[in-house]
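Asker: Dropping in work07.cif, with mmCIF, C-alpha atoms and all ligand atoms.
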data_run
#
loop_
_atom_site.label_atom_id
_atom_site.label_comp_id
_atom_site.auth_asym_id
_atom_site.auth_seq_id
_atom_site.Cartn_x
_atom_site.Cartn_y
_atom_site.Cartn_z
CA MET A 1051 120.92 102.02 118.19
CA ASP A 1052 117.20 102.81 117.93
CA LYS A 1053 116.75 106.02 119.99
CA VAL A 1054 113.31 105.14 121.35
CA SER A 1055 113.81 101.47 122.10
CA ASN A 1056 115.59 99.95 125.09
CA TRP A 1057 116.93 97.13 122.96
CA ILE A 1058 119.82 96.85 120.55
CA GLN A 1059 120.37 94.17 117.92
CA GLN A 1060 123.59 92.22 117.94
CA PRO A 1061 125.03 90.96 114.66
CA ALA A 1062 125.20 87.17 114.24
CA ARG A 1063 128.71 85.84 114.82
CA ASP A 1064 130.63 82.61 114.67
CA VAL A 1065 131.49 80.91 117.94
CA ARG A 1066 134.42 78.56 118.44
CA ILE A 1067 133.54 74.99 119.49
CA ALA A 1068 135.82 74.65 122.52
CA ALA A 1069 134.87 71.13 123.63
CA LYS A 1070 132.49 68.20 123.11
CA ALA A 1071 131.42 65.31 125.36
CA ASP A 1072 128.67 62.76 125.90
CA VAL A 1073 127.37 64.70 128.89
CA VAL A 1074 127.71 68.41 129.62
CA VAL A 1075 126.83 69.49 133.15
CA VAL A 1076 126.33 73.20 133.78
CA GLY A 1077 126.93 74.24 137.40
CA GLY A 1078 129.42 72.74 139.85
CA GLY A 1079 127.30 72.86 143.01
CA PRO A 1080 126.12 69.78 144.96
CA ALA A 1081 123.63 68.83 142.20
CA GLY A 1082 126.04 69.33 139.30
CA LEU A 1083 128.83 67.50 141.08
CA SER A 1084 126.63 64.49 141.72
CA ALA A 1085 125.35 64.49 138.14
CA ALA A 1086 128.89 64.68 136.73
CA LEU A 1087 130.27 62.01 139.07
CA ALA A 1088 127.37 59.64 138.37
CA ALA A 1089 127.63 60.11 134.59
CA ALA A 1090 131.40 59.50 134.67
CA ARG A 1091 130.97 56.37 136.81
CA ASN A 1092 128.55 55.09 134.19
CA GLY A 1093 131.22 55.40 131.52
CA ALA A 1094 130.27 58.72 129.93
CA GLU A 1095 132.75 61.34 128.87
CA VAL A 1096 131.75 64.35 130.95
CA ILE A 1097 132.40 68.10 130.85
CA LEU A 1098 131.59 70.09 133.98
CA LEU A 1099 131.14 73.86 133.51
CA GLU A 1100 131.26 76.35 136.37
CA ARG A 1101 131.23 80.15 136.36
CA TYR A 1102 133.37 80.63 139.49
CA ASN A 1103 136.86 79.44 140.46
CA HIS A 1104 135.75 76.57 142.69
CA LEU A 1105 133.34 73.64 143.01
CA GLY A 1106 130.70 73.16 145.69
CA GLY A 1107 128.21 75.90 144.76
CA LEU A 1108 126.38 77.50 147.65
CA ALA A 1109 127.67 74.85 150.06
CA SER A 1110 131.29 76.06 149.70
CA GLY A 1111 131.13 79.40 147.85
CA GLY A 1112 127.94 80.43 149.63
CA MET A 1113 129.44 79.21 152.92
CA VAL A 1114 126.35 77.24 153.88
CA LEU A 1115 128.45 75.38 156.39
CA VAL A 1116 126.07 72.72 157.71
CA LEU A 1117 124.95 69.89 155.46
CA ASP A 1118 121.58 69.93 157.01
CA ASP A 1119 119.38 67.29 158.57
CA MET A 1120 120.01 64.03 156.68
CA TRP A 1121 118.23 61.97 159.32
CA ASP A 1122 114.95 60.13 158.82
CA ASN A 1123 113.65 60.29 162.37
CA HIS A 1124 110.82 57.85 161.58
CA GLN A 1125 113.29 55.10 160.70
CA ASN A 1126 116.14 56.47 162.84
CA GLU A 1127 118.48 56.18 159.87
CA ILE A 1128 120.72 58.35 157.70
CA SER A 1129 118.70 59.20 154.60
CA VAL A 1130 121.35 60.92 152.45
CA ARG A 1131 124.47 58.95 151.55
CA GLY A 1132 126.26 58.53 148.19
CA ASN A 1133 128.61 61.30 147.04
CA CYS A 1134 127.56 63.50 149.93
CA MET A 1135 128.70 60.90 152.49
CA THR A 1136 131.97 60.35 150.62
CA MET A 1137 132.67 64.08 150.82
CA ILE A 1138 131.81 64.20 154.52
CA GLU A 1139 134.07 61.22 155.28
CA ARG A 1140 136.97 62.71 153.33
CA MET A 1141 136.58 66.10 155.03
CA ALA A 1142 136.26 64.43 158.46
CA ALA A 1143 139.51 62.53 157.79
CA MET A 1144 141.19 65.93 157.38
CA LYS A 1145 139.53 67.08 160.64
CA LEU A 1146 137.57 69.61 158.60
CA ALA A 1147 134.08 68.16 159.14
CA VAL A 1148 132.28 67.04 162.30
CA PHE A 1149 128.96 65.27 162.86
CA PRO A 1150 127.08 63.64 165.75
CA ARG A 1151 127.17 59.82 165.95
CA GLN A 1152 124.04 57.69 166.13
CA ASN A 1153 124.13 57.40 169.95
CA GLU A 1154 123.98 61.22 170.14
CA TRP A 1155 120.86 61.67 167.95
CA GLY A 1156 117.60 62.65 169.59
CA ASN A 1157 116.94 64.58 172.78
CA VAL A 1158 119.85 63.40 174.91
CA PRO A 1159 120.53 66.54 177.09
CA ASP A 1160 124.31 66.16 176.99
CA SER A 1161 124.41 65.88 173.22
CA CYS A 1162 121.95 68.79 172.77
CA ARG A 1163 124.36 70.90 174.81
CA ARG A 1164 127.38 69.58 172.91
CA TRP A 1165 125.97 69.85 169.36
CA GLY A 1166 123.43 72.71 169.50
CA ARG A 1167 125.89 75.41 168.45
CA TRP A 1168 127.12 73.27 165.56
CA GLY A 1169 123.67 73.54 163.99
CA THR A 1170 123.38 69.77 163.61
CA PHE A 1171 119.82 69.57 164.84
CA ASP A 1172 116.36 68.92 163.44
CA PHE A 1173 115.19 72.43 162.41
CA HIS A 1174 111.69 71.17 161.67
CA SER A 1175 111.02 69.87 165.15
CA HIS A 1176 108.84 71.91 167.49
CA GLU A 1177 110.56 70.40 170.52
CA THR A 1178 112.88 72.50 172.72
CA PRO A 1179 115.76 71.96 172.48
CA HIS A 1180 115.62 70.67 168.91
CA PRO A 1181 116.66 67.00 168.71
CA ILE A 1182 120.20 66.39 167.46
CA CYS A 1183 120.29 64.56 164.12
CA PHE A 1184 122.68 63.41 161.42
CA ALA A 1185 124.05 66.59 159.81
CA ALA A 1186 127.64 67.69 159.18
CA ALA A 1187 129.41 70.98 159.90
CA PHE A 1188 132.33 71.49 157.53
CA ASP A 1189 134.99 73.87 156.25
CA PRO A 1190 134.29 75.51 152.87
CA ASP A 1191 137.78 75.09 151.48
CA ALA A 1192 137.81 71.43 152.47
CA MET A 1193 134.69 70.94 150.38
CA LYS A 1194 136.27 72.70 147.39
CA ARG A 1195 139.35 70.47 147.71
CA VAL A 1196 137.42 67.21 148.08
CA ALA A 1197 135.11 68.09 145.19
CA LEU A 1198 138.06 68.86 142.95
CA ASP A 1199 139.76 65.58 143.92
CA MET A 1200 136.64 63.53 143.16
CA VAL A 1201 136.14 65.21 139.78
CA GLN A 1202 139.78 64.66 138.81
CA GLU A 1203 139.82 61.02 139.99
CA LEU A 1204 137.06 60.21 137.48
CA GLY A 1205 138.65 62.10 134.59
CA ILE A 1206 135.83 64.65 134.32
CA LYS A 1207 136.84 67.57 132.10
CA LEU A 1208 136.46 70.59 134.28
CA ARG A 1209 136.04 74.07 132.81
CA LEU A 1210 135.96 76.75 135.51
CA HIS A 1211 135.51 80.49 134.79
CA SER A 1212 132.87 79.61 132.18
CA TRP A 1213 129.63 81.56 132.42
CA PHE A 1214 126.77 79.78 130.68
CA SER A 1215 124.84 82.30 128.58
CA GLN A 1216 122.70 80.44 126.03
CA THR A 1217 121.36 77.00 125.24
CA LEU A 1218 121.82 75.65 121.72
CA VAL A 1219 118.59 74.02 120.57
CA GLU A 1220 118.18 72.29 117.23
CA ASP A 1221 114.94 70.63 116.11
CA GLY A 1222 113.61 70.79 119.67
CA LYS A 1223 116.64 69.05 121.12
CA VAL A 1224 119.41 70.58 123.17
CA LYS A 1225 122.77 70.23 121.43
CA GLY A 1226 125.00 72.19 123.77
CA VAL A 1227 125.57 75.52 125.42
CA ILE A 1228 127.35 78.81 124.89
CA CYS A 1229 129.62 80.13 127.64
CA ASP A 1230 131.14 83.58 128.06
CA THR A 1231 134.80 83.36 128.99
CA LYS A 1232 137.84 85.62 129.17
CA SER A 1233 138.76 84.47 125.66
CA GLY A 1234 135.31 85.24 124.28
CA ARG A 1235 132.23 83.13 123.63
CA GLU A 1236 132.70 79.37 123.46
CA ALA A 1237 130.36 76.59 122.36
CA ILE A 1238 130.40 73.34 124.35
CA LEU A 1239 128.52 70.51 122.66
CA GLY A 1240 127.03 67.41 124.28
CA ASP A 1241 124.59 64.56 123.63
CA MET A 1242 123.03 65.29 127.00
CA VAL A 1243 123.01 68.63 128.76
CA ILE A 1244 122.20 68.76 132.46
CA ASP A 1245 121.06 72.00 134.05
CA ALA A 1246 122.49 72.24 137.57
CA THR A 1247 122.71 76.04 137.75
CA GLY A 1248 120.21 76.18 140.62
CA ASP A 1249 118.48 78.99 138.67
CA LEU A 1250 117.28 76.88 135.75
CA ASP A 1251 119.42 79.04 133.42
CA VAL A 1252 119.89 76.33 130.80
CA ALA A 1253 116.34 74.99 130.83
CA ALA A 1254 114.82 78.49 130.74
CA SER A 1255 117.03 79.45 127.81
CA ALA A 1256 115.82 76.29 126.02
CA GLY A 1257 112.21 77.39 126.57
CA ALA A 1258 111.29 74.95 129.33
CA PRO A 1259 108.17 76.05 131.22
CA HIS A 1260 108.84 77.45 134.66
CA THR A 1261 107.43 79.80 137.25
CA GLY A 1262 109.08 82.58 139.23
CA GLY A 1263 109.99 82.09 142.85
CA ASN A 1264 111.30 84.36 145.55
CA TYR A 1265 112.56 83.90 149.09
CA ILE A 1266 114.89 85.70 151.49
CA MET A 1267 118.47 86.33 150.35
CA THR A 1268 121.41 86.09 152.74
CA THR A 1269 124.98 87.41 152.78
CA VAL A 1270 126.60 84.70 154.88
CA PHE A 1271 129.85 85.60 156.69
CA ARG A 1272 132.48 84.22 159.08
CA LEU A 1273 134.00 85.77 162.19
CA GLY A 1274 137.41 84.87 163.61
CA GLY A 1275 138.89 85.51 167.06
CA VAL A 1276 135.76 84.19 168.81
CA ASP A 1277 135.93 82.44 172.17
CA ALA A 1278 132.98 80.13 171.47
CA GLU A 1279 133.26 78.44 174.86
CA ALA A 1280 132.91 81.77 176.69
CA ALA A 1281 129.89 82.66 174.53
CA GLU A 1282 128.25 79.28 175.21
CA ARG A 1283 128.97 79.60 178.94
CA PHE A 1284 127.31 83.05 178.96
CA GLU A 1285 124.28 81.62 177.13
CA ARG A 1286 124.03 78.70 179.58
CA GLU A 1287 124.70 80.55 182.83
CA GLU A 1288 122.90 83.84 182.17
CA PRO A 1289 120.03 82.87 179.85
CA GLN A 1290 117.96 86.01 180.42
CA LYS A 1291 120.83 88.39 179.78
CA TYR A 1292 121.80 86.33 176.75
CA ALA A 1293 118.25 86.41 175.38
CA GLU A 1294 118.01 90.19 175.73
CA LEU A 1295 121.36 90.72 174.00
CA ASP A 1296 120.43 88.21 171.31
CA ARG A 1297 117.25 90.21 170.64
CA GLN A 1298 119.26 93.42 170.21
CA ILE A 1299 121.79 91.69 167.95
CA LYS A 1300 119.02 90.44 165.67
CA LYS A 1301 117.75 94.00 165.34
CA VAL A 1302 121.23 95.10 164.22
CA LEU A 1303 121.32 92.21 161.74
CA GLY A 1304 117.90 93.07 160.33
CA GLY A 1305 116.97 89.41 159.74
CA SER A 1306 118.28 86.14 161.15
CA TRP A 1307 117.35 82.60 162.17
CA GLY A 1308 117.16 81.70 165.88
CA TYR A 1309 120.88 80.85 166.01
CA TRP A 1310 122.78 83.73 164.36
CA TRP A 1311 126.21 82.14 164.96
CA LEU A 1312 127.34 78.54 164.68
CA LYS A 1313 130.66 76.80 165.25
CA THR A 1314 132.96 75.59 162.47
CA PRO A 1315 135.78 72.98 162.53
CA LEU A 1316 138.33 75.86 162.62
CA PRO A 1317 139.08 76.93 166.23
CA GLY A 1318 137.88 80.48 166.99
CA VAL A 1319 135.93 80.72 163.72
CA VAL A 1320 132.13 80.89 163.60
CA TRP A 1321 129.80 81.25 160.63
CA CYS A 1322 126.72 83.41 160.52
CA ASN A 1323 123.79 82.44 158.29
CA CYS A 1324 122.54 86.04 158.18
CA PRO A 1325 121.66 88.86 157.54
CA HIS A 1326 118.51 87.97 155.60
CA MET A 1327 116.95 90.36 153.12
CA ALA A 1328 113.46 90.05 151.68
CA GLY A 1329 111.89 91.23 148.43
CA LEU A 1330 115.01 90.86 146.24
CA ASP A 1331 115.13 89.03 142.92
CA GLY A 1332 118.15 86.73 142.48
CA LEU A 1333 118.01 87.16 138.69
CA ARG A 1334 118.34 90.98 138.70
CA VAL A 1335 121.79 92.60 138.81
CA GLU A 1336 120.32 95.61 140.65
CA ASP A 1337 118.89 93.43 143.44
CA LEU A 1338 122.01 91.27 143.74
CA THR A 1339 124.12 94.41 144.05
CA ARG A 1340 121.76 95.80 146.68
CA ALA A 1341 121.99 92.57 148.65
CA GLU A 1342 125.81 92.85 148.78
CA ILE A 1343 125.79 96.49 149.85
CA GLN A 1344 122.95 96.15 152.37
CA GLY A 1345 124.25 92.85 153.75
CA ARG A 1346 127.75 94.23 154.36
CA LYS A 1347 126.33 97.27 156.18
CA HIS A 1348 124.50 94.96 158.59
CA ILE A 1349 127.59 92.78 159.04
CA HIS A 1350 129.91 95.70 159.88
CA ALA A 1351 127.34 97.10 162.34
CA LEU A 1352 127.05 93.65 163.94
CA VAL A 1353 130.82 93.29 164.38
CA ASP A 1354 131.03 96.71 166.10
CA PHE A 1355 128.06 95.85 168.31
CA VAL A 1356 129.14 92.40 169.53
CA ARG A 1357 132.76 93.43 170.11
CA GLY A 1358 131.57 95.86 172.74
CA ARG A 1359 128.92 93.72 174.42
CA MET A 1360 128.92 90.00 173.80
CA PRO A 1361 131.10 87.76 176.00
CA GLY A 1362 133.35 85.64 173.79
CA PHE A 1363 133.12 88.11 170.87
CA GLU A 1364 135.28 90.92 172.37
CA ASN A 1365 138.16 90.26 169.94
CA CYS A 1366 136.23 89.06 166.94
CA TYR A 1367 136.90 90.24 163.40
CA LEU A 1368 135.35 89.68 160.00
CA ILE A 1369 137.15 86.96 158.04
CA ASP A 1370 135.05 86.92 154.89
CA VAL A 1371 131.65 87.42 153.35
CA ALA A 1372 130.65 84.44 151.18
CA PRO A 1373 131.84 84.94 147.60
CA GLN A 1374 128.52 83.55 146.35
CA THR A 1375 125.38 85.51 147.28
CA GLY A 1376 122.88 83.43 149.24
CA VAL A 1377 120.03 83.20 146.76
CA ARG A 1378 117.54 80.55 147.84
CA GLN A 1379 115.00 80.64 145.05
CA THR A 1380 114.55 81.99 141.54
CA ARG A 1381 113.05 80.02 138.64
CA LEU A 1382 111.14 76.84 139.43
CA LEU A 1383 110.70 74.16 136.78
CA GLU A 1384 107.16 73.15 135.91
CA GLY A 1385 107.95 69.50 136.07
CA GLU A 1386 105.86 66.57 134.87
CA TYR A 1387 105.22 66.08 138.56
CA ILE A 1388 105.30 68.80 141.20
CA LEU A 1389 106.09 67.69 144.72
CA THR A 1390 103.37 68.80 147.16
CA LYS A 1391 103.41 69.65 150.85
CA GLU A 1392 101.30 66.53 151.37
CA ASP A 1393 103.96 64.39 149.67
CA LEU A 1394 106.49 65.74 152.12
CA ALA A 1395 104.21 65.40 155.15
CA GLN A 1396 103.07 61.89 154.19
CA ARG A 1397 106.53 60.82 153.01
CA THR A 1398 105.05 59.58 149.74
CA ARG A 1399 107.18 56.94 147.97
CA PHE A 1400 107.20 56.98 144.17
CA ASP A 1401 107.93 54.23 141.64
CA ASP A 1402 110.52 56.53 140.09
CA SER A 1403 112.09 57.85 143.31
CA ILE A 1404 115.61 59.09 142.59
CA ALA A 1405 116.48 61.01 145.75
CA ARG A 1406 115.85 61.24 149.47
CA GLY A 1407 116.14 64.22 151.78
CA ARG A 1408 115.54 63.83 155.52
CA ASP A 1409 112.28 61.79 155.54
CA TYR A 1410 110.91 62.53 152.05
CA TYR A 1411 111.38 61.11 148.56
CA MET A 1412 111.62 62.73 145.14
CA PRO A 1413 110.45 61.21 141.85
CA TYR A 1414 112.42 61.52 138.60
CA ARG A 1415 109.42 63.24 136.95
CA VAL A 1416 110.02 66.43 138.97
CA LEU A 1417 113.11 66.95 136.79
CA LEU A 1418 111.21 66.60 133.48
CA PRO A 1419 109.58 69.69 131.97
CA GLN A 1420 105.84 69.80 131.33
CA ARG A 1421 104.43 70.27 127.83
CA SER A 1422 107.75 69.32 126.34
CA THR A 1423 108.14 66.85 123.51
CA THR A 1424 111.80 66.39 124.25
CA CYS A 1425 113.38 65.59 127.56
CA TRP A 1426 116.30 67.91 126.98
CA TRP A 1427 118.85 66.43 129.26
CA GLN A 1428 118.29 62.89 128.04
CA GLY A 1429 117.56 63.60 124.41
CA VAL A 1430 114.64 61.12 124.53
CA THR A 1431 111.06 61.87 123.61
CA THR A 1432 108.65 61.88 126.51
CA PRO A 1433 104.87 61.22 126.21
C1 LIG B 1 121.88 81.44 152.59
C2 LIG B 1 121.55 79.98 152.39
C3 LIG B 1 121.60 79.13 153.48
C4 LIG B 1 121.33 77.78 153.31
N1 LIG B 1 121.45 76.98 154.40
C5 LIG B 1 121.53 75.66 154.22
C6 LIG B 1 121.99 74.84 155.27
O1 LIG B 1 122.31 75.29 156.36
N2 LIG B 1 122.09 73.53 155.02
C7 LIG B 1 121.74 72.99 153.81
O2 LIG B 1 121.87 71.77 153.66
N3 LIG B 1 121.28 73.74 152.79
C8 LIG B 1 121.20 75.08 152.96
N4 LIG B 1 120.83 75.88 151.90
C9 LIG B 1 120.43 75.27 150.62
C10 LIG B 1 121.61 74.72 149.79
O3 LIG B 1 122.62 75.70 149.71
C11 LIG B 1 121.11 74.37 148.38
O4 LIG B 1 120.06 73.45 148.50
C12 LIG B 1 122.18 73.73 147.51
O5 LIG B 1 123.31 74.54 147.40
C13 LIG B 1 121.60 73.48 146.11
O6 LIG B 1 122.59 72.89 145.31
P1 LIG B 1 122.62 73.09 143.73
O7 LIG B 1 123.80 72.38 143.21
O8 LIG B 1 121.27 72.76 143.17
O9 LIG B 1 122.75 74.68 143.50
P2 LIG B 1 123.95 75.66 143.87
O10 LIG B 1 124.61 75.28 145.13
O11 LIG B 1 123.36 77.04 143.73
O12 LIG B 1 124.99 75.43 142.69
C14 LIG B 1 124.78 75.93 141.40
C15 LIG B 1 126.13 76.07 140.72
O13 LIG B 1 125.92 76.50 139.39
C16 LIG B 1 126.78 77.58 139.10
N5 LIG B 1 126.12 78.43 138.11
C17 LIG B 1 124.97 79.12 138.25
N6 LIG B 1 124.69 79.80 137.15
C18 LIG B 1 125.70 79.56 136.28
C19 LIG B 1 125.98 79.99 134.97
N7 LIG B 1 125.16 80.83 134.32
N8 LIG B 1 127.10 79.53 134.36
C20 LIG B 1 127.95 78.67 135.00
N9 LIG B 1 127.74 78.24 136.26
C21 LIG B 1 126.62 78.68 136.88
C22 LIG B 1 126.96 78.29 140.43
O14 LIG B 1 128.12 79.09 140.47
C23 LIG B 1 127.01 77.11 141.39
O15 LIG B 1 128.32 76.60 141.55
C24 LIG B 1 121.00 77.27 152.04
C25 LIG B 1 120.94 78.13 150.95
C26 LIG B 1 121.22 79.48 151.12
C27 LIG B 1 121.18 80.41 149.92
#
Rewrite the coordinates I just gave you, this time as structure tokens.
Ligand SMILES: Cc1cc2nc3c(=O)[nH]c(=O)nc-3n(C[C@H](O)[C@H](O)[C@H](O)COP(=O)(O)OP(=O)(O)OC[C@H]3O[C@@H](n4cnc5c(N)ncnc54)[C@H](O)[C@@H]3O)c2cc1C
Answerer:
Amino acid sequence: MDKVSNWIQQPARDVRIAAKADVVVVGGGPAGLSAALAAARNGAEVILLERYNHLGGLASGGMVLVLDDMWDNHQNEISVRGNCMTMIERMAAMKLAVFPRQNEWGNVPDSCRRWGRWGTFDFHSHETPHPICFAAAFDPDAMKRVALDMVQELGIKLRLHSWFSQTLVEDGKVKGVICDTKSGREAILGDMVIDATGDLDVAASAGAPHTGGNYIMTTVFRLGGVDAEAAERFEREEPQKYAELDRQIKKVLGGSWGYWWLKTPLPGVVWCNCPHMAGLDGLRVEDLTRAEIQGRKHIHALVDFVRGRMPGFENCYLIDVAPQTGVRQTRLLEGEYILTKEDLAQRTRFDDSIARGRDYYMPYRVLLPQRSTTCWWQGVTTP
């Protein structure tokens, strides 16, 4: 090793080709799952690669336990359906997902009281209480199970425990990826490679232009042994006392949304979308490690605090901290089109719309890199 440099050179080595398919999807979160399912339904042979031991990404592994606001309030209709709805229906059939029905949407006082602590409300609204909308609270393991079932039903070749590490590019076209695994490095080849890592790992490795992004990080956790009814009663019947205690709890947490605890389909179990931590980079090992250590300190302090003071939480205990760290933003693709705040506010419709989320639309061009001669996940030349 060069004594003055911080870099070492690795010798070139041969890598075993472990698998080949028409389409290789990297990342088994909501985006990767949908990409793999859609490709398989269209007749492609598909490989789905995932670094962890489960599917669902941040939704299951990150324990983001509300599929948020899928209601277009302007049209009073559900705006997100497809695979997402299939998963919700399957989880609901197992009694492991709940959601408000159409007659409960809006500002109906009874349904605000009933659904508020499930987190199935319109977060963007400035009204108090927030209107109830179509959103689903679910169990993380149910999502992992349903995702696995759907992938297996379509014959998708699943490779878990496979960490993507490098994109294989030949003559400006992506040919496959390299993964690090327990049996060493493996090459997975495909005619199309889809980056669904959430961090743009594959596209960045292929040289696609992108910018850096940063937003709060969260170590989500669940508490068991909670009497949610007693806690809700306290909130309803003694609002001032509740508000004062809530203020103190948020200090202990260090960073939280308005609702620091929400109900889950499991009796006595709540999930906590907190504590938040700012100024950390989701691509740096040092920052990710800090988030885990700092987050757990806040969580343990919170458990001690609420056990002693918060009605309904006297016997609570920590069940788990999400196995996936809650990173909201890292690399952002410089797409051929970049969605603007105005597009969202004006609900702009595009000729090439491929997705909806609450009341906005997304064009296909946001997925295509700028200044690129090759659209790497389609293998077709773009203008
Ligand atoms: C703390 C937090 C709270 C949130 N709250 C909500 C909420 O309440 N409701 C809501 O609807 N949304 C919420 N979101 C947003 C939501 O989680 C994301 O929009 C969604 O998960 C994005 O899906 P995705 O598939 O693009 O990425 P991800 O869910 O991040 O999935 C990416 C997948 O790729 C895998 N992967 C990454 N890198 C590699 C690699 N190198 N090799 C192999 N595999 C890799 C990951 O393990 C993961 O499975 C929240 C996000 C966070 C962090």
Asker: Throw together the list of residues within 7 Å of ligand LIG 1 (chain B), counting only C-alpha atoms and all ligand atoms, and drop it here as a PyMOL selection string.
Answerer: chain A and resi 1076-1082+1099-1102+1105-1109+1112+1114-1118+1212-1215+1246-1249+1251+1267-1270+1323+1376-1378
Asker: Skip Val1302 in chain A itself and residues of its chain fewer than 2 positions away, then list as a tab-separated table (two decimals) with C-alpha atoms, keeping the file's coordinate frame all residues within 7 Å of it, counting only C-alpha atoms.
Answerer:
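The file below, result_28.tsv, is the result:
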chain	number	residue	atom	x	y	z
A	1298	GLN	CA	119.26	93.42	170.21
A	1299	ILE	CA	121.79	91.69	167.95
A	1300	LYS	CA	119.02	90.44	165.67
A	1304	GLY	CA	117.90	93.07	160.33
A	1348	HIS	CA	124.50	94.96	158.59
A	1351	ALA	CA	127.34	97.10	162.34
A	1352	LEU	CA	127.05	93.65	163.94
Asker: Considering only C-alpha atoms, return as JSON, numbers by chain whatever protein or nucleic-acid residues lie within 12 Å of Gln1202 in chain A, sequence-local ones (same chain, fewer than 3 positions apart) excluded.
Answerer: {"A": [1083, 1086, 1087, 1090, 1096, 1097, 1098, 1105, 1195, 1196, 1197, 1198, 1199, 1205, 1206, 1207, 1208, 1209]}
Asker: For a test of reading the model, state the distance in Å between CA of Gln1420 in chain A and CA of Glu1386 in chain A, rounded to one decimal.
Answerer: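 Rounded to one decimal, the two atoms are 4.8 Å apart.
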Asker: Would you please work out which residue, of A:Glu1392, A:Glu1364, A:Glu1336, A:Glu1287, is nearest to Tyr1411 in chain A when using all atoms listed in the file?
Answerer: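 Nearest candidate to Tyr1411 in chain A out of A:Glu1392, A:Glu1364, A:Glu1336, A:Glu1287: A:Glu1392.
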Asker: Set the distance at 8 Å and use only C-alpha atoms: which residues neighbour Asp1072 in chain A once local chain neighbours fewer than 2 positions away are removed? I'd like the list as a list in words.
Answerer: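 Skipping anything fewer than 2 positions along the chain leaves Lys1070, Val1074, Ala1094, Glu1095, Val1096, Gly1240, Asp1241 and Met1242 of chain A.
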Asker: Restricted to C-alpha atoms, what would the selected residues look like written as a PDB file, in the coordinates of the input?
Answerer:
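Writing the result to again_18.pdb gives the following:
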ATOM      1  CA  LYS A1070     132.490  68.200 123.110  1.00  0.00           C
ATOM      2  CA  VAL A1074     127.710  68.410 129.620  1.00  0.00           C
ATOM      3  CA  ALA A1094     130.270  58.720 129.930  1.00  0.00           C
ATOM      4  CA  GLU A1095     132.750  61.340 128.870  1.00  0.00           C
ATOM      5  CA  VAL A1096     131.750  64.350 130.950  1.00  0.00           C
ATOM      6  CA  GLY A1240     127.030  67.410 124.280  1.00  0.00           C
ATOM      7  CA  ASP A1241     124.590  64.560 123.630  1.00  0.00           C
ATOM      8  CA  MET A1242     123.030  65.290 127.000  1.00  0.00           C
TER       9      MET A1242
END
Asker: Work out how far apart CA of Phe1355 in chain A and CA of Thr1170 in chain A are and give it in Å to one decimal.
Answerer: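 CA of Thr1170 in chain A lies 26.9 Å from CA of Phe1355 in chain A.
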Asker: Extract, using all atoms listed in the file, all DNA, RNA and protein residues at most 12 Å from Ala1395 in chain A, discarding same-chain residues fewer than 6 positions from it, and format them as a PyMOL selection string.
Answerer: chain A and resi 1124+1174+1389+1408-1411
Asker: Which is closer to Lys1145 in chain A than all the others in A:Pro1179, A:Gly1274, A:Gly1222, A:Pro1315, using all atoms listed in the file?
Answerer: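 Going through A:Pro1179, A:Gly1274, A:Gly1222, A:Pro1315 one by one, the smallest distance to Lys1145 in chain A is for A:Pro1315.
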Asker: For Trp1321 in chain A, work out the shell of residues within 12 Å, counting only C-alpha atoms and skipping chain neighbours fewer than 3 positions away, then give it as an mmCIF file with C-alpha atoms, keeping the file's coordinate frame.
Answerer:
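Generated output (out-v9.cif):
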data_model
loop_
_atom_site.group_PDB
_atom_site.id
_atom_site.type_symbol
_atom_site.label_atom_id
_atom_site.label_comp_id
_atom_site.auth_asym_id
_atom_site.auth_seq_id
_atom_site.Cartn_x
_atom_site.Cartn_y
_atom_site.Cartn_z
ATOM 1 C CA GLY A 1112 127.940 80.430 149.630
ATOM 2 C CA MET A 1113 129.440 79.210 152.920
ATOM 3 C CA VAL A 1114 126.350 77.240 153.880
ATOM 4 C CA LEU A 1115 128.450 75.380 156.390
ATOM 5 C CA VAL A 1116 126.070 72.720 157.710
ATOM 6 C CA ARG A 1167 125.890 75.410 168.450
ATOM 7 C CA TRP A 1168 127.120 73.270 165.560
ATOM 8 C CA GLY A 1169 123.670 73.540 163.990
ATOM 9 C CA ALA A 1187 129.410 70.980 159.900
ATOM 10 C CA PHE A 1188 132.330 71.490 157.530
ATOM 11 C CA ASP A 1189 134.990 73.870 156.250
ATOM 12 C CA PRO A 1190 134.290 75.510 152.870
ATOM 13 C CA THR A 1269 124.980 87.410 152.780
ATOM 14 C CA VAL A 1270 126.600 84.700 154.880
ATOM 15 C CA PHE A 1271 129.850 85.600 156.690
ATOM 16 C CA ARG A 1272 132.480 84.220 159.080
ATOM 17 C CA LEU A 1273 134.000 85.770 162.190
ATOM 18 C CA GLY A 1274 137.410 84.870 163.610
ATOM 19 C CA GLY A 1275 138.890 85.510 167.060
ATOM 20 C CA VAL A 1276 135.760 84.190 168.810
ATOM 21 C CA ALA A 1278 132.980 80.130 171.470
ATOM 22 C CA TYR A 1309 120.880 80.850 166.010
ATOM 23 C CA TRP A 1310 122.780 83.730 164.360
ATOM 24 C CA TRP A 1311 126.210 82.140 164.960
ATOM 25 C CA LEU A 1312 127.340 78.540 164.680
ATOM 26 C CA LYS A 1313 130.660 76.800 165.250
ATOM 27 C CA THR A 1314 132.960 75.590 162.470
ATOM 28 C CA PRO A 1315 135.780 72.980 162.530
ATOM 29 C CA LEU A 1316 138.330 75.860 162.620
ATOM 30 C CA PRO A 1317 139.080 76.930 166.230
ATOM 31 C CA GLY A 1318 137.880 80.480 166.990
ATOM 32 C CA CYS A 1324 122.540 86.040 158.180
ATOM 33 C CA PRO A 1325 121.660 88.860 157.540
ATOM 34 C CA ILE A 1349 127.590 92.780 159.040
ATOM 35 C CA CYS A 1366 136.230 89.060 166.940
ATOM 36 C CA TYR A 1367 136.900 90.240 163.400
ATOM 37 C CA LEU A 1368 135.350 89.680 160.000
ATOM 38 C CA ILE A 1369 137.150 86.960 158.040
ATOM 39 C CA ASP A 1370 135.050 86.920 154.890
ATOM 40 C CA VAL A 1371 131.650 87.420 153.350
ATOM 41 C CA ALA A 1372 130.650 84.440 151.180
#
